[in-house]
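Reproduced below: input.cif, with mmCIF, C-alpha atoms and all ligand atoms.
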```cif
data_final
#
loop_
_atom_site.group_PDB
_atom_site.id
_atom_site.type_symbol
_atom_site.label_atom_id
_atom_site.label_comp_id
_atom_site.auth_asym_id
_atom_site.auth_seq_id
_atom_site.Cartn_x
_atom_site.Cartn_y
_atom_site.Cartn_z
ATOM 1 C CA MET A 13 -123.334 -213.796 114.888
ATOM 2 C CA PRO A 14 -123.925 -215.140 111.383
ATOM 3 C CA SER A 15 -122.156 -213.148 108.726
ATOM 4 C CA LYS A 16 -124.254 -210.905 106.632
ATOM 5 C CA PRO A 17 -124.716 -212.040 103.045
ATOM 6 C CA LEU A 18 -122.677 -209.934 100.669
ATOM 7 C CA GLN A 19 -124.680 -207.611 98.609
ATOM 8 C CA SER A 20 -124.382 -207.980 94.885
ATOM 9 C CA ILE A 21 -125.307 -205.350 92.387
ATOM 10 C CA ARG A 22 -127.116 -207.851 90.251
ATOM 11 C CA THR A 23 -127.614 -211.546 90.118
ATOM 12 C CA VAL A 24 -125.598 -213.774 87.806
ATOM 13 C CA PRO A 25 -127.050 -213.361 84.350
ATOM 14 C CA GLN A 26 -129.203 -216.161 83.080
ATOM 15 C CA PHE A 27 -127.007 -216.753 80.083
ATOM 16 C CA GLY A 28 -123.582 -218.208 79.732
ATOM 17 C CA ARG A 29 -123.592 -221.742 78.499
ATOM 18 C CA HIS A 30 -119.898 -221.966 77.875
ATOM 19 C CA SER A 31 -117.285 -220.720 80.214
ATOM 20 C CA ILE A 32 -113.587 -220.912 79.604
ATOM 21 C CA GLY A 33 -110.599 -219.598 81.456
ATOM 22 C CA LEU A 34 -109.326 -216.386 79.946
ATOM 23 C CA PHE A 35 -105.772 -217.678 80.194
ATOM 24 C CA ASP A 36 -106.731 -221.195 79.255
ATOM 25 C CA ASP A 37 -103.824 -223.314 77.902
ATOM 26 C CA GLN A 38 -106.209 -225.201 75.647
ATOM 27 C CA SER A 39 -107.506 -222.099 73.917
ATOM 28 C CA ILE A 40 -103.945 -220.983 73.170
ATOM 29 C CA LEU A 41 -102.968 -224.380 71.769
ATOM 30 C CA PHE A 42 -106.129 -224.385 69.686
ATOM 31 C CA ALA A 43 -105.436 -220.855 68.413
ATOM 32 C CA LEU A 44 -101.876 -221.821 67.406
ATOM 33 C CA ALA A 45 -103.303 -224.823 65.568
ATOM 34 C CA VAL A 46 -105.715 -222.526 63.691
ATOM 35 C CA ALA A 47 -102.738 -220.389 62.629
ATOM 36 C CA ARG A 48 -101.024 -223.380 61.015
ATOM 37 C CA ASP A 49 -100.563 -223.534 57.239
ATOM 38 C CA ASP A 50 -102.240 -226.918 56.929
ATOM 39 C CA VAL A 51 -105.484 -225.679 58.497
ATOM 40 C CA GLN A 52 -107.443 -224.705 55.424
ATOM 41 C CA ASN A 53 -111.134 -225.443 55.862
ATOM 42 C CA ASP A 54 -113.985 -225.877 58.345
ATOM 43 C CA ALA A 55 -113.241 -229.573 58.790
ATOM 44 C CA ASP A 56 -109.596 -228.858 59.683
ATOM 45 C CA VAL A 57 -110.698 -226.294 62.270
ATOM 46 C CA ALA A 58 -113.305 -228.643 63.727
ATOM 47 C CA ARG A 59 -110.699 -231.424 63.972
ATOM 48 C CA GLU A 60 -108.251 -229.133 65.772
ATOM 49 C CA PHE A 61 -111.004 -227.966 68.084
ATOM 50 C CA HIS A 62 -111.863 -231.495 69.157
ATOM 51 C CA THR A 63 -108.178 -232.414 69.487
ATOM 52 C CA ASN A 64 -107.452 -229.472 71.768
ATOM 53 C CA TYR A 65 -110.758 -229.475 73.633
ATOM 54 C CA PRO A 66 -111.605 -233.152 74.137
ATOM 55 C CA ASP A 67 -113.320 -232.111 77.363
ATOM 56 C CA TRP A 68 -115.382 -229.261 75.994
ATOM 57 C CA SER A 69 -118.483 -230.560 77.770
ATOM 58 C CA LYS A 70 -116.785 -229.681 81.069
ATOM 59 C CA HIS A 71 -116.819 -226.076 79.941
ATOM 60 C CA THR A 72 -120.542 -226.217 79.360
ATOM 61 C CA LEU A 73 -122.433 -224.705 82.220
ATOM 62 C CA PRO A 74 -125.481 -226.485 83.537
ATOM 63 C CA SER A 75 -128.587 -225.164 81.920
ATOM 64 C CA TRP A 76 -130.361 -222.666 84.113
ATOM 65 C CA LYS A 77 -133.743 -223.758 82.935
ATOM 66 C CA GLU A 78 -134.287 -227.469 83.107
ATOM 67 C CA ASP A 79 -136.223 -227.665 79.877
ATOM 68 C CA GLU A 80 -133.571 -225.770 77.961
ATOM 69 C CA PRO A 81 -131.369 -228.144 75.990
ATOM 70 C CA ILE A 82 -127.625 -227.557 75.848
ATOM 71 C CA PRO A 83 -126.538 -227.232 72.225
ATOM 72 C CA SER A 84 -123.755 -229.770 72.516
ATOM 73 C CA ASN A 85 -123.526 -230.437 68.797
ATOM 74 C CA THR A 86 -122.522 -226.840 68.116
ATOM 75 C CA PRO A 87 -119.908 -226.195 70.770
ATOM 76 C CA ILE A 88 -118.239 -223.407 68.839
ATOM 77 C CA ASP A 89 -119.091 -221.158 65.954
ATOM 78 C CA LEU A 90 -116.598 -222.047 63.233
ATOM 79 C CA ARG A 91 -117.701 -219.515 60.673
ATOM 80 C CA ASP A 92 -115.229 -216.783 61.545
ATOM 81 C CA TRP A 93 -112.107 -218.960 61.725
ATOM 82 C CA GLN A 94 -110.504 -217.357 58.659
ATOM 83 C CA ARG A 95 -110.532 -213.952 60.316
ATOM 84 C CA GLY A 96 -109.015 -215.490 63.429
ATOM 85 C CA GLN A 97 -106.328 -217.204 61.365
ATOM 86 C CA LYS A 98 -105.435 -214.005 59.509
ATOM 87 C CA LEU A 99 -105.240 -211.986 62.723
ATOM 88 C CA LEU A 100 -103.042 -214.556 64.433
ATOM 89 C CA ARG A 101 -100.644 -214.741 61.517
ATOM 90 C CA ASP A 102 -100.353 -210.929 61.633
ATOM 91 C CA TRP A 103 -100.109 -210.714 65.389
ATOM 92 C CA LEU A 104 -97.945 -213.680 66.370
ATOM 93 C CA PRO A 105 -94.570 -212.305 65.203
ATOM 94 C CA ASN A 106 -95.296 -209.148 67.209
ATOM 95 C CA VAL A 107 -96.797 -210.818 70.252
ATOM 96 C CA ALA A 108 -93.853 -213.252 70.460
ATOM 97 C CA ARG A 109 -91.569 -210.267 71.084
ATOM 98 C CA PHE A 110 -94.117 -207.970 72.642
ATOM 99 C CA ASP A 111 -91.826 -207.075 75.555
ATOM 100 C CA ARG A 112 -89.078 -206.045 73.132
ATOM 101 C CA LEU A 113 -91.105 -204.006 70.641
ATOM 102 C CA MET A 114 -90.387 -200.328 70.088
ATOM 103 C CA PRO A 115 -92.929 -198.185 71.980
ATOM 104 C CA LYS A 116 -94.703 -197.074 68.815
ATOM 105 C CA ARG A 117 -95.102 -200.613 67.482
ATOM 106 C CA ARG A 118 -96.131 -201.836 70.902
ATOM 107 C CA THR A 119 -98.910 -199.266 71.031
ATOM 108 C CA GLU A 120 -100.057 -200.287 67.555
ATOM 109 C CA VAL A 121 -100.237 -203.948 68.557
ATOM 110 C CA LEU A 122 -102.020 -203.089 71.803
ATOM 111 C CA TYR A 123 -104.489 -200.959 69.910
ATOM 112 C CA ALA A 124 -105.231 -203.703 67.394
ATOM 113 C CA VAL A 125 -105.766 -206.346 70.084
ATOM 114 C CA ASN A 126 -107.824 -204.050 72.319
ATOM 115 C CA GLU A 127 -109.999 -203.064 69.393
ATOM 116 C CA MET A 128 -110.803 -206.714 68.731
ATOM 117 C CA LEU A 129 -111.315 -207.454 72.427
ATOM 118 C CA SER A 130 -113.881 -204.664 72.690
ATOM 119 C CA MET A 131 -115.725 -206.178 69.742
ATOM 120 C CA PHE A 132 -116.463 -209.208 71.896
ATOM 121 C CA ASP A 133 -117.667 -207.251 74.935
ATOM 122 C CA SER A 134 -121.240 -207.738 73.879
ATOM 123 C CA HIS A 135 -120.789 -211.473 73.298
ATOM 124 C CA GLY A 136 -120.296 -212.450 76.896
ATOM 125 C CA SER A 137 -118.969 -211.441 80.266
ATOM 126 C CA LEU A 138 -115.945 -211.822 82.427
ATOM 127 C CA PHE A 139 -116.396 -213.874 85.546
ATOM 128 C CA ILE A 140 -114.201 -215.260 88.275
ATOM 129 C CA GLY A 141 -114.820 -218.973 88.104
ATOM 130 C CA PRO A 142 -113.097 -222.301 88.786
ATOM 131 C CA ALA A 143 -110.477 -221.580 86.081
ATOM 132 C CA GLY A 144 -109.671 -218.111 87.402
ATOM 133 C CA LEU A 145 -110.707 -215.261 85.195
ATOM 134 C CA GLU A 146 -113.237 -216.752 82.798
ATOM 135 C CA PHE A 147 -115.109 -215.586 79.799
ATOM 136 C CA ARG A 148 -118.675 -216.765 79.615
ATOM 137 C CA SER A 149 -120.091 -216.480 76.179
ATOM 138 C CA ASP A 150 -123.774 -215.835 75.776
ATOM 139 C CA SER A 151 -126.245 -218.205 74.150
ATOM 140 C CA GLY A 152 -124.659 -217.580 70.760
ATOM 141 C CA GLY A 153 -121.771 -219.696 71.950
ATOM 142 C CA GLU A 154 -118.070 -219.297 71.568
ATOM 143 C CA SER A 155 -116.459 -218.401 68.261
ATOM 144 C CA VAL A 156 -113.049 -219.232 66.818
ATOM 145 C CA LEU A 157 -112.266 -215.568 66.239
ATOM 146 C CA GLY A 158 -113.086 -214.717 69.860
ATOM 147 C CA LEU A 159 -110.854 -217.518 71.096
ATOM 148 C CA CYS A 160 -108.013 -216.467 68.804
ATOM 149 C CA VAL A 161 -108.172 -212.867 69.968
ATOM 150 C CA ARG A 162 -108.310 -213.687 73.674
ATOM 151 C CA SER A 163 -105.573 -216.303 73.368
ATOM 152 C CA MET A 164 -103.029 -213.550 72.743
ATOM 153 C CA VAL A 165 -103.833 -211.695 75.977
ATOM 154 C CA ARG A 166 -101.811 -214.015 78.177
ATOM 155 C CA PHE A 167 -98.596 -213.047 76.400
ATOM 156 C CA MET A 168 -99.300 -209.329 76.644
ATOM 157 C CA VAL A 169 -100.018 -208.913 80.339
ATOM 158 C CA PRO A 170 -97.760 -209.962 83.203
ATOM 159 C CA SER A 171 -98.402 -213.683 83.496
ATOM 160 C CA ASP A 172 -96.674 -217.018 83.780
ATOM 161 C CA TRP A 173 -96.460 -217.064 79.988
ATOM 162 C CA PRO A 174 -94.124 -214.272 78.829
ATOM 163 C CA PRO A 175 -93.896 -213.645 75.063
ATOM 164 C CA SER A 176 -90.730 -215.764 74.887
ATOM 165 C CA ARG A 177 -92.877 -218.844 75.478
ATOM 166 C CA LEU A 178 -94.113 -218.391 71.919
ATOM 167 C CA GLY A 179 -91.679 -220.069 69.570
ATOM 168 C CA ARG A 180 -91.588 -220.522 65.840
ATOM 169 C CA CYS A 181 -90.141 -223.821 64.681
ATOM 170 C CA ALA A 182 -86.717 -223.272 63.090
ATOM 171 C CA ASN A 183 -87.204 -226.253 60.804
ATOM 172 C CA PRO A 184 -87.611 -224.578 57.381
ATOM 173 C CA LYS A 185 -90.193 -227.169 56.385
ATOM 174 C CA CYS A 186 -92.331 -226.404 59.441
ATOM 175 C CA LYS A 187 -92.088 -222.802 60.723
ATOM 176 C CA GLN A 188 -95.127 -223.365 62.900
ATOM 177 C CA TRP A 189 -95.833 -221.593 66.166
ATOM 178 C CA PHE A 190 -95.509 -223.626 69.337
ATOM 179 C CA ILE A 191 -95.349 -223.151 73.092
ATOM 180 C CA ARG A 192 -91.870 -223.452 74.510
ATOM 181 C CA PRO A 193 -91.366 -225.159 77.830
ATOM 182 C CA PRO A 194 -90.166 -222.783 80.558
ATOM 183 C CA PRO A 195 -86.529 -221.875 79.753
ATOM 184 C CA LYS A 196 -83.830 -223.985 81.378
ATOM 185 C CA ARG A 197 -80.462 -222.348 82.064
ATOM 186 C CA GLY A 198 -80.484 -220.081 79.057
ATOM 187 C CA THR A 199 -81.373 -222.703 76.467
ATOM 188 C CA VAL A 200 -84.099 -221.629 74.100
ATOM 189 C CA ARG A 201 -86.014 -224.348 72.361
ATOM 190 C CA ARG A 202 -85.996 -223.698 68.635
ATOM 191 C CA TYR A 203 -88.034 -226.590 67.279
ATOM 192 C CA CYS A 204 -91.656 -227.560 67.797
ATOM 193 C CA SER A 205 -90.719 -231.211 68.351
ATOM 194 C CA ASP A 206 -87.740 -233.550 68.667
ATOM 195 C CA LYS A 207 -88.663 -234.924 65.276
ATOM 196 C CA HIS A 208 -88.244 -231.529 63.623
ATOM 197 C CA ALA A 209 -85.051 -230.810 65.569
ATOM 198 C CA ASN A 210 -83.567 -234.110 64.339
ATOM 199 C CA SER A 211 -84.618 -233.680 60.715
ATOM 200 C CA ALA A 212 -83.296 -230.088 60.691
ATOM 201 C CA ARG A 213 -79.975 -231.304 62.094
ATOM 202 C CA ALA A 214 -79.826 -234.089 59.514
ATOM 203 C CA MET A 215 -80.562 -231.543 56.796
ATOM 204 C CA GLN A 216 -77.752 -229.271 58.043
ATOM 205 C CA PHE A 217 -75.376 -232.242 58.211
ATOM 206 C CA ARG A 218 -76.148 -233.228 54.616
ATOM 207 C CA ARG A 219 -75.723 -229.644 53.440
ATOM 208 C CA ARG A 220 -72.346 -229.401 55.189
ATOM 209 C CA LYS A 221 -71.154 -232.687 53.679
ATOM 210 C CA LYS A 222 -72.222 -231.525 50.230
ATOM 211 C CA LYS A 223 -70.377 -228.236 50.684
ATOM 212 C CA GLU A 224 -67.260 -230.069 51.876
ATOM 213 C CA ALA A 225 -67.412 -232.414 48.903
ATOM 214 C CA ALA A 226 -67.807 -229.472 46.532
ATOM 215 C CA THR A 227 -64.775 -227.630 47.907
ATOM 216 C CA LYS A 228 -62.520 -230.688 47.787
HETATM 217 ZN ZN ZN B 301 -91.732 -227.979 63.568
#
```
Translate the structure described by the file into C-alpha cells.
Amino acid sequence: MPSKPLQSIRTVPQFGRHSIGLFDDQSILFALAVARDDVQNDADVAREFHTNYPDWSKHTLPSWKEDEPIPSNTPIDLRDWQRGQKLLRDWLPNVARFDRLMPKRRTEVLYAVNEMLSMFDSHGSLFIGPAGLEFRSDSGGESVLGLCVRSMVRFMVPSDWPPSRLGRCANPKCKQWFIRPPPKRGTVRRYCSDKHANSARAMQFRRRKKKEAATK
C-alpha cells in the first residue's frame, strides 16, 4: 500500500531567497571578522563578507517565480553592521565563558541575546534544510546584524562548539577573536595564528633580555 502523504499545516512560504544554516561556520567567522578593530566602514564589511562567503550564491534559493530576478548584487544588507559590531564586542567576552558565568550574569546575557533574536522573528523563518537548522530570510534579504546575533547561538546551546572554542589572541598587538581548534590533551590555543604566536614569543624574549641586561 502506498504511504499516505504527510499532512502539512501550510505549504512552504513563497519567500525565502537566502537560506543559511543556523550554526553555519561561515556566519560565525564572518561575525568575528566584523568584530575586529580594523573593520571600520561599509567597504571593510563587504570585503569580509565576500572573503567568508565566497559561495553565497549557493545559499540563494531558486526563485519561486520564474520571472522574479534574484537580487544577487545585494546579497546582504550592510547598513546595520555597526550595531552588530557593537553587540559582538559587548557579548563576546561573556559568550566565550558562557558556561562559567554566574547565574545572574548568565541570565542577563541570555536575555540580551534572546531579545535580539526575537527582533528577527519577523524577518524570516526557521527551516530544516540541507545545512540542518536553517534560517531563511524573507525578500528583504539577510542583514549583518541578524547574522551577528545568530552567530552567538551556537556557543550558548549544547553543540559541537562550546564557548571555549572562542579564543582571544594573546598577542597584545592583536587581541582579536578567533575560533580555536578542538582542544588537544589540555592545550589551549592562545594565539589566532602561528605568526602572532611567534611574534609574541619574540617580544617576550626581547623583554626578558632587556630585563636581564638592566639587572646586570
Ligand atoms: Zn592574533
Worksheet entry | Evaluate the PyMOL selection byres (((chain A and resi 163-176) around 7) and not hetatm) and report residues as a ChimeraX atom specification | /A:35,39-40,43,107-111,159-162,177-179
Check every protein, DNA and RNA residue against ligand ZN 301 (chain B), keep those with an atom at most 7 Å away (counting only C-alpha atoms and all ligand atoms), and present them as a compact mmCIF listing (two decimals) with C-alpha atoms, keeping the file's coordinate frame.
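Once written, out-v4.txt looks like this:
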```txt
# COMPACT_ATOMS: atom_id res chain seq x y z
CA CYS A 181 -90.14 -223.82 64.68
CA ALA A 182 -86.72 -223.27 63.09
CA ASN A 183 -87.20 -226.25 60.80
CA CYS A 186 -92.33 -226.40 59.44
CA LYS A 187 -92.09 -222.80 60.72
CA GLN A 188 -95.13 -223.36 62.90
CA TYR A 203 -88.03 -226.59 67.28
CA CYS A 204 -91.66 -227.56 67.80
CA SER A 205 -90.72 -231.21 68.35
CA HIS A 208 -88.24 -231.53 63.62
```
Expansion of the PyMOL selection byres (((chain A and resi 41) around 10) and not hetatm) into residues, as a short mmCIF file (atom, residue, chain, number, x, y, z; two decimals) with C-alpha atoms, in the coordinates of the input:
```cif
data_model
loop_
_atom_site.label_atom_id
_atom_site.label_comp_id
_atom_site.auth_asym_id
_atom_site.auth_seq_id
_atom_site.Cartn_x
_atom_site.Cartn_y
_atom_site.Cartn_z
CA ASP A 36 -106.73 -221.20 79.26
CA ASP A 37 -103.82 -223.31 77.90
CA GLN A 38 -106.21 -225.20 75.65
CA SER A 39 -107.51 -222.10 73.92
CA ILE A 40 -103.94 -220.98 73.17
CA PHE A 42 -106.13 -224.38 69.69
CA ALA A 43 -105.44 -220.86 68.41
CA LEU A 44 -101.88 -221.82 67.41
CA ALA A 45 -103.30 -224.82 65.57
CA VAL A 46 -105.72 -222.53 63.69
CA ALA A 47 -102.74 -220.39 62.63
CA GLU A 60 -108.25 -229.13 65.77
CA PHE A 61 -111.00 -227.97 68.08
CA THR A 63 -108.18 -232.41 69.49
CA ASN A 64 -107.45 -229.47 71.77
CA TYR A 65 -110.76 -229.48 73.63
CA CYS A 160 -108.01 -216.47 68.80
CA SER A 163 -105.57 -216.30 73.37
CA TRP A 189 -95.83 -221.59 66.17
CA PHE A 190 -95.51 -223.63 69.34
CA ILE A 191 -95.35 -223.15 73.09
#
```
Could you please determine the separation between CA of Asn210 (chain A) and CA of Asp50 (chain A) in Å, to one decimal place?
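CA of Asp50 (chain A) lies 21.3 Å from CA of Asn210 (chain A).
Atom to atom, CA of Gly158 (chain A) and CA of Asn53 (chain A) stand 17.7 Å apart.
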query = So which residues touch Trp103 (chain A) within 9 Å, counting all atoms listed in the file, skipping near sequence neighbours fewer than 6 positions away, as a list in words?
reply = Val121, Ala124, Val125 and Met164 of chain A
Worksheet item: What is the distance between CA of Ala212 (chain A) and CA of Arg101 (chain A), in Å to one decimal?
Response: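 Separation between CA of Ala212 (chain A) and CA of Arg101 (chain A): 23.2 Å.
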| With distances taken over all atoms listed in the file, which of A:Gln216, A:Ser211, A:Thr119, A:Ser137 is nearest to Asn106 (chain A)? |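 Counting all atoms listed in the file, the residue closest to Asn106 (chain A) is A:Thr119.
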### Task
Name the residues that the PyMOL selection byres (((chain A and resi 54) around 8) and not hetatm) pulls out of this structure, and write them as a ChimeraX atom specification.
/A:52-53,55-58,90-91,93
